[in-house]
Amino acid sequence: MSVRTAPGRAQPAPPPADIAVSLRDVYLSYQSKIVLSDCSIDFRRGQVTTVIGLSGAGKSTMLRLINGLRQPTRGHVFVNGDDIVGLDERELNTIRARMGFAFQASALFDSLSVFDNVSFPLYEHTRLSRAEIRDRVYRTLDAIGLRDVADRMPAELSGGMQKRVGFARAIVNEPEIILFDEPTTGLDPIMTHVITDTIKEIQRRLHPTSIVVMHDMPSVYEISDNIAMLFEGTIIEAAPAAEFRRSRNPIVQQFLEGSEVGPIPL
Amino acid sequence: MFRPSTYLRALPQPLPATRRFFEYAGGITLLFFDSIRYIVTLRFRPSEVIRQTAFLIVESLPIVLLTSGFTGLVISLETAQSAVQNGFDFVIGGSVAYGTVRELGPLLTGIVFAGRSGAAVTAQLGAMVVTEQIEALKSFGASPTKVLVVPRLLACLIGMPMLTTFADIVAVYGGYYMAYLQAHVSPNTYWDSVNRFIDFGDFEKGLLKAAIFGIIVALVACYEGLRTEGGADGVGRSTTHAVVTGIILVFAFNFALSFVLFQ
């Protein structure tokens with residue numbers, strides 16, 4: 001396998017083929033604030049891995065590193081075997097074409113209708129005809145139960161519907177990797193259930209490598225094959241979901257129990 | 001081992017204001033050349049250019065018409081009475097048209113355009129930054145320059161000369177109305193004076209100025225919008241910066257262009 005890497009960078013050994021995304025010794029700081037420090041984690045191909053952690057721990061930043069929206073201060077980010085750190089925008093775009101990103105606040109383009117929002121990645125990355133795009137968009141909206149809102153503007157939708165349209169936009173070109181940034185934050189329990197069901201349905205239908213950032217533990221247990229915890233800029237525990245729940249790490253246990261007492265400073 | 005950064009750190013650092021100036025000028029220049037790259041390779045949506053042109057013209061047109069109309073009226077008001085009293089009624093139309101077509105038409109339209117349409121563009125893009133829409137665009141591999149800047153740049157490039165044409169017409173007609181009403185200058189005298197003082201070349205040069213002002217306003221507005229930081233407060237700050245910088249640059253370029261085109 002030929003590994004793409006930025007010119008002039010030492011080429012580390014790529015991760016094995018069953019690892020879709022891998023962060024190796026990633027360090028990221030903004031001025032004096034250290035966001036990630038020697039952070040390493042592997043995301044298994046075709047599985048759902050959820051990253052949990054305190055607010056402001058750097059989870060969303062990690063997703064942006066994987067998409068190439070941020071560059072680490074040092075370290076390596078492998079996506080499908082390519083080290084994407086230092087690649088130019090054109091090379092990053094070929095990698096992004098196989099990736100979907102569902103943002104925390106949906107980030108729908110507010111001047112475009114739901115249909116135009118969902119069709120946007122198809123116009124950018126494919127050479128499908130208008131009829132094929134129309135078909136694909138309606139199929140995707142059907143899958144998440146939102147066919148009826150295709151002509152509406154994002155401002156006319158509820159928060160939960162906007163999240164689902166964001167999902168539709170992220171999955172419409174059937175990406176190999178999907179990044180979900182806090183998909184259930186700010187939603188009521190019923191909508192949270194709808195969203196977790198939608199993620200499970202996407203996983204069942206497309207089998208992507210899903211990387212989810214989330215705090216809501218019942219939803220985390222429901223959707224995850226693997227769980228990792230980010231604490232003070234580094235991954236302190238990463239394991240299959242059942243094993244993770246039995247972790248003896250006091251920080252993990254305090255977080256899972258939602259307890260005020262323990263090593264996590266309040 | 002030779003480490004350039006060590007030696008660079010030892011060199012005297014430029015003052016923060018100087019550095020900010022060059023960063024700003026460099027950023028605008030890069031945005032301009034990045035946009036040109038997409039324009040010459042025709043990688044933009046014409047429908048979006050038309051939509052933006054219509055939007056920006058509609059935004060600014062009423063204010064442009066009002067300001068240019070009143071400007072024509074006031075020039076005529078100031079000159080007509082004394083010109084007629086001193087037997088110079090044949091210069092009234094010319095003075096209104098000369099000042100308007102070569103200077104005030106493009107300049108006032110540029111200022112209004114920076115304040116109205118430029119502010120709208122910055123606020124729109126700034127809001128897109130704070131609601132993660134720009135990051136979403138990039139995450140799908142789309143360039144914000146291609147999708148957002150190029151249509152607005154072309155819209156301003158097309159829209160400004162159109163608005164300036166309207167401004168010129170309204171100002172010269174405003175001047176005629178006031179000269180007729182205030183000093184009873186005959187239509188023939190007024191329009192003969194207009195024809196004698198200006199030619200089509202003056203009008204063309206005025207439109208060239210307007211087109212350049214359109215590019216300046218668009219680049220500043222888009223640049224400020226795309227580098228918005230923070231929330232609603234940041235959008236407000238960017239919009240204010242864009243309007244102030246846009247107006248100052250319109251004045252500065254107006255002087256430079258008048259020097260080059262009319263001297």
# chains A, B, ... in the order shown; residues from 1 in each chain; ligands from 1
$ interface_residues --of "chain B" --to "chain A" --cutoff "9 Å" --atoms "only C-alpha atoms" --output "number ranges by chain"
B: 128, 131-143
$ write_last_selection --atoms "C-alpha atoms" --output "JSON list (two decimals), in the first residue's frame"
[["chain", "number", "residue", "atom", "x", "y", "z"],
["B", 128, "MET", "CA", -21.94, 31.39, 8.81],
["B", 131, "THR", "CA", -22.73, 28.69, 13.24],
["B", 132, "GLU", "CA", -20.03, 26.32, 11.84],
["B", 133, "GLN", "CA", -21.42, 26.56, 8.28],
["B", 134, "ILE", "CA", -18.00, 27.49, 6.89],
["B", 135, "GLU", "CA", -16.43, 24.48, 8.63],
["B", 136, "ALA", "CA", -19.24, 22.35, 7.21],
["B", 137, "LEU", "CA", -18.43, 23.63, 3.72],
["B", 138, "LYS", "CA", -14.75, 22.77, 4.17],
["B", 139, "SER", "CA", -15.59, 19.37, 5.66],
["B", 140, "PHE", "CA", -17.35, 18.51, 2.39],
["B", 141, "GLY", "CA", -14.25, 19.52, 0.48],
["B", 142, "ALA", "CA", -15.77, 22.76, -0.83],
["B", 143, "SER", "CA", -13.77, 25.96, -0.92]]
$ residues_around --residues "Ala256 of chain B" --least-positions-apart "4" --cutoff "12 Å" --atoms "only C-alpha atoms" --output "list of chain:residue names"
B:Glu103, B:Lys209, B:Ile212, B:Phe213, B:Leu249, B:Val250, B:Phe251, B:Ala252, B:Val260, B:Leu261, B:Phe262, B:Gln263
$ residues_around --residues "Asp192 of chain B" --least-positions-apart "2" --cutoff "12 Å" --atoms "only C-alpha atoms" --output "PyMOL selection string"
chain B and resi 89-95+97+176+185-190+194-199
$ select_by_dssp --residues "segment 4-246 of chain A" --states "strand (DSSP E or B)" --output "JSON, numbers by chain"
{"A": [19, 20, 21, 22, 23, 24, 25, 26, 27, 28, 29, 30, 33, 34, 35, 36, 37, 38, 39, 40, 41, 42, 43, 44, 48, 49, 50, 51, 52, 53, 74, 75, 76, 77, 78, 79, 82, 83, 99, 100, 101, 102, 103, 106, 177, 178, 179, 180, 181, 209, 210, 211, 212, 213, 226, 227, 228, 229, 230, 231, 234, 235, 236, 237, 238, 239, 240]}
$ atom_distance --atom1 "atom CA of Asn86 of chain B" --atom2 "atom CA of Phe70 of chain B"
24.6 Å
$ residues_around --residues "Pro46 of chain B" --least-positions-apart "3" --cutoff "8 Å" --atoms "only C-alpha atoms" --output "number ranges by chain"
B: 49-50, 151
$ write_last_selection --atoms "N, CA and C atoms" --output "compact mmCIF listing (two decimals), in the first residue's frame"
# COMPACT_ATOMS: atom_id res chain seq x y z
N VAL B 49 -24.36 33.94 -8.85
CA VAL B 49 -23.88 35.29 -9.15
C VAL B 49 -25.08 36.21 -9.43
N ILE B 50 -26.02 35.70 -10.22
CA ILE B 50 -27.22 36.50 -10.55
C ILE B 50 -28.01 36.80 -9.28
N PRO B 151 -18.99 34.39 -6.07
CA PRO B 151 -20.27 34.97 -6.50
C PRO B 151 -20.49 36.39 -5.98
$ residues_around --residues "segment 251-259 of chain A" --least-positions-apart "3" --cutoff "8 Å" --atoms "only C-alpha atoms" --output "PDB file with N, CA and C atoms, in the first residue's frame"
ATOM      1  N   GLY A  53     -15.904  12.255  27.384  1.00  0.00           N
ATOM      2  CA  GLY A  53     -14.981  13.097  28.145  1.00  0.00           C
ATOM      3  C   GLY A  53     -15.687  14.346  28.617  1.00  0.00           C
ATOM      4  N   MET A 217     -24.689   8.869  28.387  1.00  0.00           N
ATOM      5  CA  MET A 217     -24.193   7.496  28.538  1.00  0.00           C
ATOM      6  C   MET A 217     -25.175   6.422  28.070  1.00  0.00           C
ATOM      7  N   MET A 229     -12.098   7.197  26.395  1.00  0.00           N
ATOM      8  CA  MET A 229     -12.280   8.408  27.205  1.00  0.00           C
ATOM      9  C   MET A 229     -11.082   9.324  27.061  1.00  0.00           C
ATOM     10  N   GLU A 237      -8.363   5.681  28.366  1.00  0.00           N
ATOM     11  CA  GLU A 237      -8.913   4.317  28.307  1.00  0.00           C
ATOM     12  C   GLU A 237      -9.622   4.155  26.966  1.00  0.00           C
ATOM     13  N   ARG A 245     -16.952  -0.604  30.346  1.00  0.00           N
ATOM     14  CA  ARG A 245     -17.838  -0.374  31.500  1.00  0.00           C
ATOM     15  C   ARG A 245     -17.266  -0.989  32.769  1.00  0.00           C
ATOM     16  N   SER A 247     -14.084  -0.957  33.443  1.00  0.00           N
ATOM     17  CA  SER A 247     -12.756  -0.370  33.663  1.00  0.00           C
ATOM     18  C   SER A 247     -12.526  -0.072  35.146  1.00  0.00           C
ATOM     19  N   ARG A 248     -11.290  -0.296  35.579  1.00  0.00           N
ATOM     20  CA  ARG A 248     -10.968  -0.001  36.986  1.00  0.00           C
ATOM     21  C   ARG A 248     -10.346   1.384  37.137  1.00  0.00           C
ATOM     22  N   GLY A 262     -14.185  12.005  43.502  1.00  0.00           N
ATOM     23  CA  GLY A 262     -13.210  11.224  42.739  1.00  0.00           C
ATOM     24  C   GLY A 262     -12.077  12.088  42.250  1.00  0.00           C
ATOM     25  N   PRO A 263     -11.246  11.524  41.378  1.00  0.00           N
ATOM     26  CA  PRO A 263     -10.032  12.252  40.952  1.00  0.00           C
ATOM     27  C   PRO A 263     -10.286  13.366  39.933  1.00  0.00           C
ATOM     28  N   ILE A 264     -11.505  13.413  39.323  1.00  0.00           N
ATOM     29  CA  ILE A 264     -11.752  14.468  38.322  1.00  0.00           C
ATOM     30  C   ILE A 264     -11.983  15.790  39.050  1.00  0.00           C
TER      31      ILE A 264
END
$ closest_residue --among "B:Gly87, B:Gly105, B:Gly115, B:Gly26" --to "Val243 of chain B" --atoms "only C-alpha atoms"
B:Gly115
$ select_by_dssp --residues "segment 34-240 of chain A" --states "alpha helix (DSSP H)" --output "PyMOL selection string"
chain A and resi 59-67+89-96+114-125+130-143+159-171+189-206+217-223
$ closest_residue --among "B:Trp191, B:Leu125, B:Leu148, B:Pro106" --to "Glu48 of chain B" --atoms "only C-alpha atoms"
B:Leu148
$ atom_distance --atom1 "atom CA of Ile111 of chain B" --atom2 "atom CA of Leu154 of chain B"
18.2 Å
$ residues_around --residues "Val74 of chain B" --least-positions-apart "5" --cutoff "12 Å" --atoms "only C-alpha atoms" --output "MDAnalysis selection string"
chainID B and resid 67:69 79:81 92 95:96 99:100 171:179 182
$ atom_distance --atom1 "atom CA of Ser117 of chain B" --atom2 "atom CA of Ser60 of chain B"
6.2 Å
$ closest_residue --among "A:Arg152, A:Arg164, A:Arg70, A:Lys200" --to "Leu87 of chain A" --atoms "only C-alpha atoms"
A:Arg70
$ residues_around --residues "Val172 of chain A" --least-positions-apart "6" --cutoff "8 Å" --atoms "only C-alpha atoms" --output "number ranges by chain"
A: 118-119, 121-122, 136-137, 140
$ closest_residue --among "A:Arg204, A:Arg246, A:Arg127, A:Lys163" --to "Asp181 of chain A" --atoms "only C-alpha atoms"
A:Lys163
$ closest_residue --among "A:Lys59, A:Lys33, A:Arg147, A:Arg130" --to "Val114 of chain A" --atoms "only C-alpha atoms"
A:Arg147
$ closest_residue --among "B:Arg152, B:Arg43, B:Arg102, B:Arg20" --to "Phe55 of chain B" --atoms "only C-alpha atoms"
B:Arg152
